[in-house]
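For reference, work_9.cif (mmCIF, C-alpha atoms):
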data_input
loop_
_atom_site.label_atom_id
_atom_site.label_comp_id
_atom_site.auth_asym_id
_atom_site.auth_seq_id
_atom_site.Cartn_x
_atom_site.Cartn_y
_atom_site.Cartn_z
CA MET A 1143 88.55 102.87 59.03
CA SER A 1144 90.38 105.53 57.02
CA ALA A 1145 94.13 105.29 56.76
CA ALA A 1146 94.52 108.63 58.52
CA GLY A 1147 92.44 107.54 61.53
CA ARG A 1148 89.00 108.02 63.02
CA ILE A 1149 88.19 111.04 65.16
CA LEU A 1150 85.18 111.69 67.36
CA VAL A 1151 84.34 115.41 67.47
CA VAL A 1152 82.25 116.40 70.50
CA ASP A 1153 80.66 119.85 70.69
CA ASP A 1154 77.17 121.11 71.58
CA GLU A 1155 77.26 123.90 68.97
CA PRO A 1156 75.97 122.45 65.67
CA ASP A 1157 77.98 124.98 63.63
CA VAL A 1158 81.22 123.92 65.31
CA LEU A 1159 80.45 120.24 64.72
CA ILE A 1160 79.93 120.91 61.01
CA TYR A 1161 83.04 123.12 60.79
CA LEU A 1162 85.47 120.76 62.51
CA SER A 1163 84.09 117.58 60.95
CA CYS A 1164 84.27 119.07 57.42
CA PHE A 1165 87.81 120.27 58.03
CA LEU A 1166 89.03 116.95 59.42
CA GLU A 1167 87.29 114.96 56.67
CA ASP A 1168 88.99 117.22 54.12
CA GLN A 1169 92.30 116.18 55.69
CA GLY A 1170 91.50 112.50 55.12
CA PHE A 1171 90.19 111.52 58.55
CA GLU A 1172 87.03 109.57 59.19
CA VAL A 1173 84.86 111.63 61.54
CA ASP A 1174 82.05 110.77 63.96
CA THR A 1175 80.22 113.48 65.88
CA ALA A 1176 78.41 113.81 69.21
CA SER A 1177 76.66 116.87 70.59
CA ARG A 1178 76.44 115.77 74.25
CA GLY A 1179 78.83 114.32 76.81
CA GLN A 1180 76.70 111.26 77.49
CA GLU A 1181 76.23 110.63 73.77
CA ALA A 1182 80.00 110.85 73.32
CA LEU A 1183 80.65 108.25 76.02
CA THR A 1184 78.11 105.88 74.48
CA GLN A 1185 79.71 106.23 71.06
CA VAL A 1186 83.23 105.77 72.42
CA ARG A 1187 82.19 102.54 74.18
CA GLU A 1188 80.43 101.20 71.09
CA ARG A 1189 83.07 102.21 68.57
CA PRO A 1190 86.29 103.51 70.15
CA PRO A 1191 87.85 106.25 67.98
CA ASP A 1192 91.58 106.82 67.51
CA LEU A 1193 91.29 110.33 68.96
CA ILE A 1194 88.66 112.59 70.53
CA SER A 1195 88.27 116.34 70.00
CA LEU A 1196 86.34 117.38 73.10
CA ASP A 1197 84.56 120.66 73.88
CA VAL A 1198 84.50 121.67 77.55
CA ASN A 1199 81.37 123.80 77.92
CA MET A 1200 78.38 121.64 77.18
CA PRO A 1201 74.99 121.46 78.88
CA GLY A 1202 74.51 118.42 81.09
CA MET A 1203 77.77 116.49 81.19
CA SER A 1204 80.75 118.78 80.62
CA GLY A 1205 83.88 117.84 78.68
CA ILE A 1206 85.77 117.56 81.96
CA GLU A 1207 83.29 114.95 83.22
CA VAL A 1208 83.59 113.05 79.94
CA LEU A 1209 87.38 113.08 80.24
CA THR A 1210 87.23 111.89 83.86
CA GLN A 1211 85.01 108.94 82.89
CA LEU A 1212 87.20 108.03 79.92
CA ARG A 1213 90.33 108.02 82.04
CA ALA A 1214 88.62 105.87 84.69
CA ASP A 1215 87.83 103.15 82.13
CA PRO A 1216 90.91 100.96 81.48
CA GLU A 1217 89.70 100.13 77.96
CA LEU A 1218 89.29 103.77 76.98
CA ALA A 1219 91.86 105.56 79.11
CA ALA A 1220 94.56 105.49 76.44
CA ILE A 1221 92.52 107.27 73.74
CA PRO A 1222 94.20 110.64 73.15
CA VAL A 1223 92.01 113.66 73.82
CA VAL A 1224 92.34 117.16 72.39
CA LEU A 1225 90.45 119.53 74.67
CA VAL A 1226 88.87 122.46 72.84
CA THR A 1227 88.25 125.31 75.25
CA GLY A 1228 87.93 129.05 75.44
CA VAL A 1229 88.37 129.02 79.20
CA ALA A 1230 91.91 129.54 80.46
CA GLU A 1231 91.53 127.74 83.82
CA PHE A 1232 91.01 124.41 82.04
CA ARG A 1233 94.58 124.62 80.79
CA SER A 1234 95.79 123.95 84.33
CA PRO A 1235 96.45 120.25 85.19
CA THR A 1236 94.68 120.82 88.56
CA ALA A 1237 91.40 121.29 86.68
CA PHE A 1238 91.15 117.56 85.92
CA ARG A 1239 90.24 116.16 89.33
CA GLY A 1240 93.30 113.99 89.61
CA CYS A 1241 92.89 112.20 86.29
CA ARG A 1242 95.46 112.35 83.48
CA PRO A 1243 95.11 115.69 81.67
CA PRO A 1244 94.23 115.85 77.97
CA GLU A 1245 97.07 115.20 75.53
CA ALA A 1246 96.56 118.61 73.87
CA PHE A 1247 94.64 121.85 74.28
CA ILE A 1248 93.19 123.95 71.50
CA GLN A 1249 91.84 127.38 72.22
CA LYS A 1250 88.65 128.75 70.69
CA PRO A 1251 88.37 130.21 68.09
CA VAL A 1252 90.07 127.10 66.74
CA ASP A 1253 93.36 127.51 64.86
CA LEU A 1254 92.97 124.81 62.19
CA GLU A 1255 96.69 124.42 61.56
CA LEU A 1256 97.31 123.89 65.26
CA LEU A 1257 94.43 121.40 65.49
CA LEU A 1258 95.75 119.47 62.51
CA SER A 1259 99.34 119.34 63.75
CA SER A 1260 98.18 118.23 67.24
CA VAL A 1261 95.94 115.53 65.78
CA ARG A 1262 98.61 114.22 63.43
CA GLU A 1263 101.28 114.21 66.13
CA LEU A 1264 99.07 112.38 68.63
CA LEU A 1265 97.94 109.78 66.10
CA ALA A 1266 101.51 109.22 64.97
CA ARG A 1267 102.57 108.79 68.59
CA GLU A 1268 99.77 106.24 69.12
CA ALA A 1269 100.90 104.35 66.04
CA GLY A 1270 104.51 104.42 67.27
CA VAL A 1271 105.75 106.45 64.33
CA THR A 1272 107.28 109.30 66.34
CA MET B 294 94.48 150.19 107.78
CA VAL B 295 92.50 152.96 106.12
CA ALA B 296 88.72 152.60 106.41
CA GLN B 297 86.77 153.03 103.15
CA MET B 298 84.32 155.94 103.23
CA ASP B 299 80.67 155.43 102.38
CA GLU B 300 79.64 158.04 99.78
CA THR B 301 76.05 157.97 101.00
CA THR B 302 76.54 158.37 104.73
CA GLY B 303 79.97 160.05 104.77
CA GLY B 304 81.02 157.61 107.53
CA PRO B 305 83.23 154.53 107.35
CA MET B 306 81.90 151.81 105.07
CA SER B 307 80.35 148.82 106.86
CA GLU B 308 81.68 145.33 106.27
CA GLU B 309 78.34 144.42 104.68
CA ARG B 310 78.62 147.32 102.22
CA VAL B 311 82.20 146.33 101.32
CA ALA B 312 81.05 142.73 100.76
CA GLU B 313 78.14 143.97 98.62
CA LEU B 314 80.45 146.07 96.44
CA LEU B 315 82.92 143.20 96.06
CA ALA B 316 80.06 140.92 94.99
CA LEU B 317 79.01 143.52 92.43
CA LEU B 318 82.56 143.72 91.07
CA ASP B 319 82.74 139.91 90.84
CA SER B 320 79.43 139.86 89.03
CA GLN B 321 80.55 142.48 86.52
CA ALA B 322 83.74 140.50 85.85
CA GLU B 323 81.67 137.33 85.35
CA LEU B 324 79.39 139.18 82.96
CA VAL B 325 82.24 140.59 80.86
CA GLY B 326 83.81 137.10 80.82
CA ALA B 327 80.54 135.50 79.71
CA ILE B 328 80.05 138.02 76.89
CA ALA B 329 83.66 137.52 75.76
CA HIS B 330 83.08 133.76 75.81
CA GLU B 331 79.93 134.20 73.73
CA ILE B 332 81.86 136.30 71.18
CA LYS B 333 84.57 133.62 70.98
CA GLY B 334 81.90 131.04 70.12
CA GLN B 335 80.39 133.28 67.45
CA LEU B 336 83.79 134.03 65.96
CA ASN B 337 84.52 130.31 65.82
CA SER B 338 81.28 129.75 63.90
CA VAL B 339 82.04 132.67 61.55
CA ARG B 340 85.38 131.03 60.78
CA GLY B 341 83.49 127.81 60.17
CA GLY B 342 81.22 129.60 57.69
CA VAL B 343 84.19 131.14 55.89
CA TYR B 344 85.92 127.74 55.73
CA LEU B 345 82.86 126.04 54.24
CA LEU B 346 82.36 128.86 51.76
CA GLN B 347 86.01 128.89 50.61
CA SER B 348 86.34 125.13 50.38
CA GLY B 349 82.95 124.91 48.65
CA LEU B 350 84.03 127.46 46.03
CA LYS B 351 87.28 125.60 45.43
CA ARG B 352 85.44 122.31 44.85
CA ASP B 353 82.45 123.88 43.12
CA ASP B 354 80.30 122.20 45.78
CA SER B 355 77.02 124.15 45.93
CA GLY B 356 75.81 122.26 49.03
CA ARG B 357 78.87 123.29 50.96
CA ILE B 358 78.65 126.88 49.69
CA ASP B 359 75.02 127.07 50.89
CA SER B 360 75.98 125.64 54.30
CA GLY B 361 78.75 128.21 54.63
CA LEU B 362 76.47 131.10 53.71
CA SER B 363 73.77 129.93 56.14
CA MET B 364 76.36 129.65 58.89
CA LEU B 365 77.58 133.19 58.21
CA GLU B 366 74.02 134.58 58.16
CA ARG B 367 73.07 132.84 61.43
CA ASN B 368 76.14 134.13 63.16
CA ALA B 369 75.71 137.66 61.83
CA ASP B 370 72.33 137.56 63.62
CA ARG B 371 73.95 136.30 66.81
CA ILE B 372 76.59 139.01 66.65
CA GLU B 373 73.85 141.62 66.14
CA ARG B 374 72.17 140.39 69.30
CA THR B 375 75.38 140.42 71.32
CA VAL B 376 76.21 143.94 70.17
CA ALA B 377 72.73 145.01 71.27
CA ASP B 378 73.44 143.42 74.68
CA VAL B 379 76.63 145.35 75.08
CA LEU B 380 74.96 148.60 74.03
CA TYR B 381 71.92 148.17 76.22
CA TYR B 382 73.34 146.49 79.24
CA VAL B 383 76.96 147.55 79.59
CA LYS B 384 76.82 151.02 78.05
CA ASP B 385 73.53 151.96 79.70
CA ARG B 386 72.22 153.75 76.62
CA ALA B 387 69.55 156.47 76.99
CA VAL B 388 66.09 155.22 76.00
CA ASN B 389 64.20 156.63 73.04
CA PRO B 390 60.53 155.69 73.37
CA THR B 391 58.25 155.64 70.32
CA ALA B 392 54.97 153.88 69.52
CA ILE B 393 55.88 150.30 68.59
CA ASP B 394 53.67 147.92 66.63
CA LEU B 395 53.75 144.62 68.53
CA GLU B 396 53.25 142.51 65.43
CA ALA B 397 56.21 144.19 63.69
CA VAL B 398 58.54 143.76 66.66
CA LEU B 399 57.60 140.08 67.06
CA GLU B 400 58.16 139.52 63.37
CA HIS B 401 61.58 141.18 63.64
CA VAL B 402 62.84 139.09 66.58
CA LYS B 403 61.41 135.90 65.09
CA LYS B 404 63.33 136.58 61.90
CA LEU B 405 66.47 137.44 63.89
CA CYS B 406 66.30 134.13 65.80
CA SER B 407 64.91 131.83 63.10
CA GLY B 408 68.34 130.80 61.78
CA ARG B 409 69.44 129.92 65.30
CA ALA B 410 66.21 127.98 65.87
CA GLN B 411 66.79 126.00 62.69
CA GLU B 412 70.41 125.32 63.65
CA LEU B 413 69.38 124.06 67.09
CA GLY B 414 66.42 122.03 65.80
CA VAL B 415 63.79 123.93 67.79
CA ARG B 416 60.47 125.10 66.33
CA LEU B 417 59.97 128.83 66.87
CA ARG B 418 56.58 130.56 66.80
CA ALA B 419 55.54 134.13 67.54
CA LYS B 420 51.96 135.30 67.84
CA THR B 421 50.07 138.47 68.68
CA ARG B 422 46.58 139.84 68.18
CA GLY B 423 48.17 143.18 67.39
CA GLY B 424 48.32 146.35 69.42
CA SER B 425 51.10 148.72 70.28
CA LEU B 426 53.34 149.90 73.09
CA ARG B 427 55.20 153.15 73.58
CA THR B 428 58.72 152.04 74.43
CA ASP B 429 62.34 151.97 73.22
CA GLU B 430 62.17 149.70 70.17
CA LEU B 431 65.81 148.63 70.12
CA ALA B 432 65.78 147.78 73.83
CA LEU B 433 62.57 145.78 73.35
CA ARG B 434 64.05 143.87 70.42
CA ALA B 435 67.22 143.18 72.41
CA LEU B 436 65.41 141.83 75.46
CA LEU B 437 63.06 139.62 73.40
CA ALA B 438 65.94 138.29 71.30
CA ASN B 439 67.82 137.41 74.50
CA LEU B 440 64.77 135.64 75.88
CA LEU B 441 64.40 133.59 72.69
CA GLU B 442 68.11 132.75 72.52
CA PHE B 443 67.96 131.55 76.13
CA ALA B 444 64.92 129.38 75.40
CA LEU B 445 66.26 127.97 72.11
CA ARG B 446 69.61 127.10 73.61
CA GLY B 447 67.92 125.63 76.70
CA CYS B 448 65.58 123.43 74.64
CA HIS B 449 68.47 122.25 72.47
CA GLY B 450 70.69 121.54 75.46
CA ALA B 451 68.10 119.78 77.60
CA LYS B 452 67.06 117.31 74.89
CA LEU B 453 63.93 116.59 76.95
CA LYS B 454 61.60 116.29 73.96
CA PRO B 455 62.03 114.95 70.43
CA SER B 456 60.42 118.08 68.90
CA PRO B 457 61.06 121.01 71.23
CA SER B 458 59.36 124.32 70.55
CA VAL B 459 59.47 127.90 71.74
CA LYS B 460 56.45 130.15 71.50
CA LEU B 461 56.42 133.89 72.14
CA THR B 462 53.14 135.77 72.42
CA ALA B 463 52.54 139.48 72.92
CA SER B 464 49.38 141.30 73.95
CA ASP B 465 48.44 144.93 74.31
CA GLU B 466 46.87 145.19 77.75
CA GLY B 467 46.14 148.92 77.53
CA GLY B 468 48.90 150.89 79.23
CA TYR B 469 51.29 147.96 79.22
CA ALA B 470 52.24 144.97 77.06
CA ARG B 471 52.50 141.40 78.21
CA PHE B 472 54.96 138.96 76.65
CA VAL B 473 54.79 135.25 77.42
CA MET B 474 57.49 132.82 76.35
CA VAL B 475 56.71 129.11 76.62
CA GLY B 476 59.64 126.75 76.14
CA ASP B 477 58.31 123.23 75.52
CA GLY B 478 61.40 121.12 76.12
CA LEU B 479 63.04 123.43 78.65
CA GLU B 480 63.21 122.85 82.39
CA LEU B 481 64.82 125.22 84.88
CA SER B 482 66.21 123.71 88.07
CA ASP B 483 65.18 125.33 91.37
CA ASP B 484 68.72 126.67 91.64
CA ALA B 485 68.59 128.22 88.16
CA ARG B 486 65.17 129.76 88.91
CA GLU B 487 66.58 131.34 92.03
CA ARG B 488 69.71 132.60 90.29
CA ALA B 489 67.72 134.03 87.38
CA LEU B 490 66.14 136.45 89.84
CA LYS B 491 69.33 137.53 91.59
CA PRO B 492 70.47 141.12 91.11
CA TYR B 493 73.99 139.96 90.22
CA TYR B 494 75.00 137.70 87.36
CA ARG B 495 76.19 134.22 88.33
CA PRO B 496 76.95 131.73 85.56
CA ASP B 497 74.97 128.50 85.52
CA GLY B 498 77.86 126.06 85.59
CA PRO B 499 80.28 125.82 82.71
CA ASP B 500 77.74 126.53 79.97
CA ARG B 501 76.86 129.99 81.32
CA SER B 502 73.34 129.50 80.01
CA LEU B 503 71.72 132.04 82.33
CA LEU B 504 73.45 135.01 80.67
CA GLU B 505 70.62 135.75 78.22
CA LEU B 506 67.99 135.43 80.92
CA PHE B 507 69.92 137.74 83.21
CA ILE B 508 70.25 140.37 80.47
CA THR B 509 66.54 140.04 79.58
CA ARG B 510 65.56 140.66 83.18
CA LYS B 511 67.94 143.63 83.55
CA LEU B 512 66.50 145.27 80.43
CA VAL B 513 62.91 144.65 81.57
CA LEU B 514 63.52 146.07 85.04
CA ARG B 515 65.36 149.08 83.62
CA GLN B 516 62.19 149.97 81.72
CA GLY B 517 60.07 149.68 84.85
CA GLY B 518 58.64 146.30 83.87
CA SER B 519 58.23 142.99 85.67
CA PHE B 520 59.88 139.62 85.04
CA GLU B 521 58.41 136.38 86.29
CA VAL B 522 59.36 132.74 85.90
CA ALA B 523 56.05 130.89 86.29
CA PRO B 524 55.99 128.12 88.92
CA PRO B 525 56.76 124.67 87.50
CA GLY B 526 53.68 123.28 85.75
CA ARG B 527 53.86 120.63 83.07
CA PRO B 528 57.12 118.63 83.14
CA GLY B 529 59.66 119.89 80.62
CA VAL B 530 57.87 123.21 80.08
CA THR B 531 59.09 126.62 81.25
CA GLU B 532 57.02 129.78 81.06
CA ILE B 533 58.43 133.27 81.47
CA ILE B 534 56.18 136.32 81.65
CA LEU B 535 57.33 139.88 81.03
CA GLU B 536 55.21 142.97 81.47
CA LEU B 537 56.39 146.30 80.15
CA PRO B 538 54.62 149.56 80.94
CA ALA B 539 54.12 152.15 78.22
CA ALA B 540 56.61 155.01 78.51
CA PRO B 541 54.96 158.37 79.20
CA ALA B 542 54.18 160.42 76.08
CA GLU B 543 56.30 163.55 75.56
CA GLU B 544 53.40 165.86 76.38
CA GLU B 545 52.91 164.04 79.70
CA LEU B 546 56.57 164.67 80.55
CA ALA B 547 56.41 168.37 79.61
#
Please rewrite the model in this file as C-alpha cells.
Amino acid sequence: MSAAGRILVVDDEPDVLIYLSCFLEDQGFEVDTASRGQEALTQVRERPPDLISLDVNMPGMSGIEVLTQLRADPELAAIPVVLVTGVAEFRSPTAFRGCRPPEAFIQKPVDLELLLSSVRELLAREAGVT
Amino acid sequence: MVAQMDETTGGPMSEERVAELLALLDSQAELVGAIAHEIKGQLNSVRGGVYLLQSGLKRDDSGRIDSGLSMLERNADRIERTVADVLYYVKDRAVNPTAIDLEAVLEHVKKLCSGRAQELGVRLRAKTRGGSLRTDELALRALLANLLEFALRGCHGAKLKPSPSVKLTASDEGGYARFVMVGDGLELSDDARERALKPYYRPDGPDRSLLELFITRKLVLRQGGSFEVAPPGRPGVTEIILELPAAPAEEELA
C-alpha cells in the first residue's frame, strides 16, 4: 500500500475513471477502479480500500445502493465514502434510506482541489492525525 | 378560485386537461434537467482531457498526451450531438429538406460516434446498399447519433456480453428510408419499452438512459416517420426500426 493510502474510484464513465485515477495517482495515492456498483462491492470485500470515491448515477446498482450495502456490513461500514454527484437531491441526508450518509460530497464537474482536500482530510481523520 | 380557461373550447379547463398540462410541464423540466446533467458529464470529461494533456506536457509523457487528446476529441463529438439535440428538440428548428446520400450520412454518424464506441468498448458497424432520401440532413444526423449513443451506452452499461456490438443499417425503400439498429448486448425491460413510447419524457431511474431514445423518437415523429422497438427476440439483443418518409420536393409543394 502507498503511504498516502489506497482509494477505490467507482464511476461508469471510462473517461471519468481515467481522469480521477490519474489525478489521485499523481498525488501519491494508490488507486483501484470499478465501473459498476456490484464490481465495486466485490473489490471492497476482497481488498478493502482506505477510501471510496463513488459516483451516484450508474446503470444497474446505483451509488446509493452501494453505499447502503457498505454501511450494512460491519466490516466495511467504517470506510469513508466521497459521493460524486451532479444531482442536488443526493446532498440531503434523507436520500440515504436511513443509513449513515457519505463523509463528503463532490459535485460534478469535479473540483480537483476540493476532492483532494476532502480525501486528505478523511484519510487523516481515519489515521487519527486530525 | 379562478377556473383556468381552455384555449380550444373557450370554456373552463377540465381537471383532465389541467393534469395533462401539468404532466407536460413536469416532462419538460425532466428533459431540461437530463440535458443539463448530460452537459455536466461532458464538461467533467473535457476537464479530464485538459488535465491529462497538461500533465502529459509537463512530464513529456506522450502516452498521457495522446489519452488527453483522445478524450477531448471524443467529448467534442458528444457536445456536438448534445447541441444538435437542443437545436432540434428544444428550439424546434424549421426543417430544410435536401436529397441525402444514405451512405454519406451513415459514414458521418459512424465517425461521430466511433470515439464513444471505442471508449465504451462496443463494436460499431454501419452498413447500407446505398440510395438516398429527401429530408433534413442535420435532423437525420442528430436522430441517428442519438440512437447510436443510446445503444452504445446501453450495451456498455448492461455488460450482458463480453464483446457487445451495435449495427446500424439503412435502406432506400423508394419513397421512404428504413433504418434498423441492432444492439447485441442491450436488453430493454418491459417498463423501459413502454416508457420509450410515451409522449412525455420520463427518466429511466438514476442513469436517465432513455433520454437519447426519447429524443430520437421525437425527431422521427416530427418528420412524419415511425419508430418501433421490435418485440423481444434473442436474449440480450434489442432491435429498433425507424422509417422516414421522403419530404415532398419543392415543385410538389408549389
Inset, instruction - I would like the residues chosen by the PyMOL selection byres ((chain B) within 10 of (chain A)) on the shown file; could you give them as JSON, numbers by chain? - result: {"B": [326, 329, 330, 331, 332, 333, 334, 335, 336, 337, 338, 339, 340, 341, 342, 343, 344, 345, 348, 357, 360, 361, 363, 364, 365, 367, 368, 409, 412, 413, 414, 446, 447, 449, 450, 451, 452, 497, 498, 499, 500, 501, 502]}
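Each of A:Leu1183, A:Val1223, A:Ala1176, A:Ile1248 was compared to Val1208 of chain A using all atoms listed in the file, and A:Leu1183 turns out to be the nearest.
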Legend entry - Result set of the PyMOL selection byres ((chain B and resi 429) around 8) on the coordinates above, as a PyMOL selection string: chain B and resi 388-391+427-428+430-433
Same residues, C-alpha atoms, output as a tab-separated table (two decimals), keeping the file's coordinate frame:
chain	number	residue	atom	x	y	z
B	388	VAL	CA	66.09	155.22	76.00
B	389	ASN	CA	64.20	156.63	73.04
B	390	PRO	CA	60.53	155.69	73.37
B	391	THR	CA	58.25	155.64	70.32
B	427	ARG	CA	55.20	153.15	73.58
B	428	THR	CA	58.72	152.04	74.43
B	430	GLU	CA	62.17	149.70	70.17
B	431	LEU	CA	65.81	148.63	70.12
B	432	ALA	CA	65.78	147.78	73.83
B	433	LEU	CA	62.57	145.78	73.35
Legend entry - Reference answer for the PyMOL selection byres ((chain B and resi 438) around 9), as number ranges by chain: B: 374, 402-403, 405-406, 433-437, 439-443, 505, 509
Residues within 12 Å of Arg1267 of chain A, please, as a compact mmCIF listing (two decimals) with C-alpha atoms, in the frame of the given file. Count only C-alpha atoms; anything in the same chain fewer than 6 positions from it doesn't count.
# COMPACT_ATOMS: atom_id res chain seq x y z
CA ASP A 1192 91.58 106.82 67.51
CA LEU A 1193 91.29 110.33 68.96
CA ALA A 1220 94.56 105.49 76.44
CA ILE A 1221 92.52 107.27 73.74
CA PRO A 1222 94.20 110.64 73.15
CA GLU A 1245 97.07 115.20 75.53
CA SER A 1260 98.18 118.23 67.24
CA VAL A 1261 95.94 115.53 65.78
Inset, instruction - Kindly give the distance, in Å, that separates atom CA of Leu490 of chain B and atom CA of Ala322 of chain B, rounded to a single decimal. - result: 18.5 Å
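With distances taken over all atoms listed in the file, A:Leu1212 is the one residue among A:Ala1266, A:Ala1219, A:Leu1166, A:Leu1212 lying closest to Thr1184 of chain A.
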Taking (85.3, 106.7, 71.3) in the file's own coordinates, collect the residues within 12 Å, counting only C-alpha atoms, and hand them back as an mmCIF file with C-alpha atoms, in the frame of the given file.
data_model
loop_
_atom_site.group_PDB
_atom_site.id
_atom_site.type_symbol
_atom_site.label_atom_id
_atom_site.label_comp_id
_atom_site.auth_asym_id
_atom_site.auth_seq_id
_atom_site.Cartn_x
_atom_site.Cartn_y
_atom_site.Cartn_z
ATOM 1 C CA ARG A 1148 89.000 108.020 63.020
ATOM 2 C CA ILE A 1149 88.190 111.040 65.160
ATOM 3 C CA LEU A 1150 85.180 111.690 67.360
ATOM 4 C CA VAL A 1151 84.340 115.410 67.470
ATOM 5 C CA VAL A 1152 82.250 116.400 70.500
ATOM 6 C CA VAL A 1173 84.860 111.630 61.540
ATOM 7 C CA ASP A 1174 82.050 110.770 63.960
ATOM 8 C CA THR A 1175 80.220 113.480 65.880
ATOM 9 C CA ALA A 1176 78.410 113.810 69.210
ATOM 10 C CA GLY A 1179 78.830 114.320 76.810
ATOM 11 C CA GLN A 1180 76.700 111.260 77.490
ATOM 12 C CA GLU A 1181 76.230 110.630 73.770
ATOM 13 C CA ALA A 1182 80.000 110.850 73.320
ATOM 14 C CA LEU A 1183 80.650 108.250 76.020
ATOM 15 C CA THR A 1184 78.110 105.880 74.480
ATOM 16 C CA GLN A 1185 79.710 106.230 71.060
ATOM 17 C CA VAL A 1186 83.230 105.770 72.420
ATOM 18 C CA ARG A 1187 82.190 102.540 74.180
ATOM 19 C CA GLU A 1188 80.430 101.200 71.090
ATOM 20 C CA ARG A 1189 83.070 102.210 68.570
ATOM 21 C CA PRO A 1190 86.290 103.510 70.150
ATOM 22 C CA PRO A 1191 87.850 106.250 67.980
ATOM 23 C CA ASP A 1192 91.580 106.820 67.510
ATOM 24 C CA LEU A 1193 91.290 110.330 68.960
ATOM 25 C CA ILE A 1194 88.660 112.590 70.530
ATOM 26 C CA SER A 1195 88.270 116.340 70.000
ATOM 27 C CA LEU A 1196 86.340 117.380 73.100
ATOM 28 C CA VAL A 1208 83.590 113.050 79.940
ATOM 29 C CA LEU A 1209 87.380 113.080 80.240
ATOM 30 C CA GLN A 1211 85.010 108.940 82.890
ATOM 31 C CA LEU A 1212 87.200 108.030 79.920
ATOM 32 C CA ARG A 1213 90.330 108.020 82.040
ATOM 33 C CA ASP A 1215 87.830 103.150 82.130
ATOM 34 C CA GLU A 1217 89.700 100.130 77.960
ATOM 35 C CA LEU A 1218 89.290 103.770 76.980
ATOM 36 C CA ALA A 1219 91.860 105.560 79.110
ATOM 37 C CA ALA A 1220 94.560 105.490 76.440
ATOM 38 C CA ILE A 1221 92.520 107.270 73.740
ATOM 39 C CA PRO A 1222 94.200 110.640 73.150
ATOM 40 C CA VAL A 1223 92.010 113.660 73.820
#
Inset, instruction - Excluding Arg1262 of chain A and residues on its chain fewer than 6 positions from it, collect all residues at most 10 Å away from it, counting all atoms listed in the file, and give them as a PyMOL selection string. - result: chain A and resi 1146-1147+1193+1256+1268
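For the pair atom CA of Leu1265 of chain A and atom CA of Gly1240 of chain A, the interatomic distance is 24.3 Å.
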Inset, instruction - Pick out the residues sitting within 7 Å of segment 473-483 of chain B, and hand them over as a PyMOL selection string; count only C-alpha atoms, and ignore anything fewer than 2 positions along from it in its own chain. - result: chain B and resi 444+447-448+451-454+457-463+471+485-487+529-535
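A straight line drawn from atom CA of Leu346 of chain B to atom CA of Ser1163 of chain A is 14.7 Å long.
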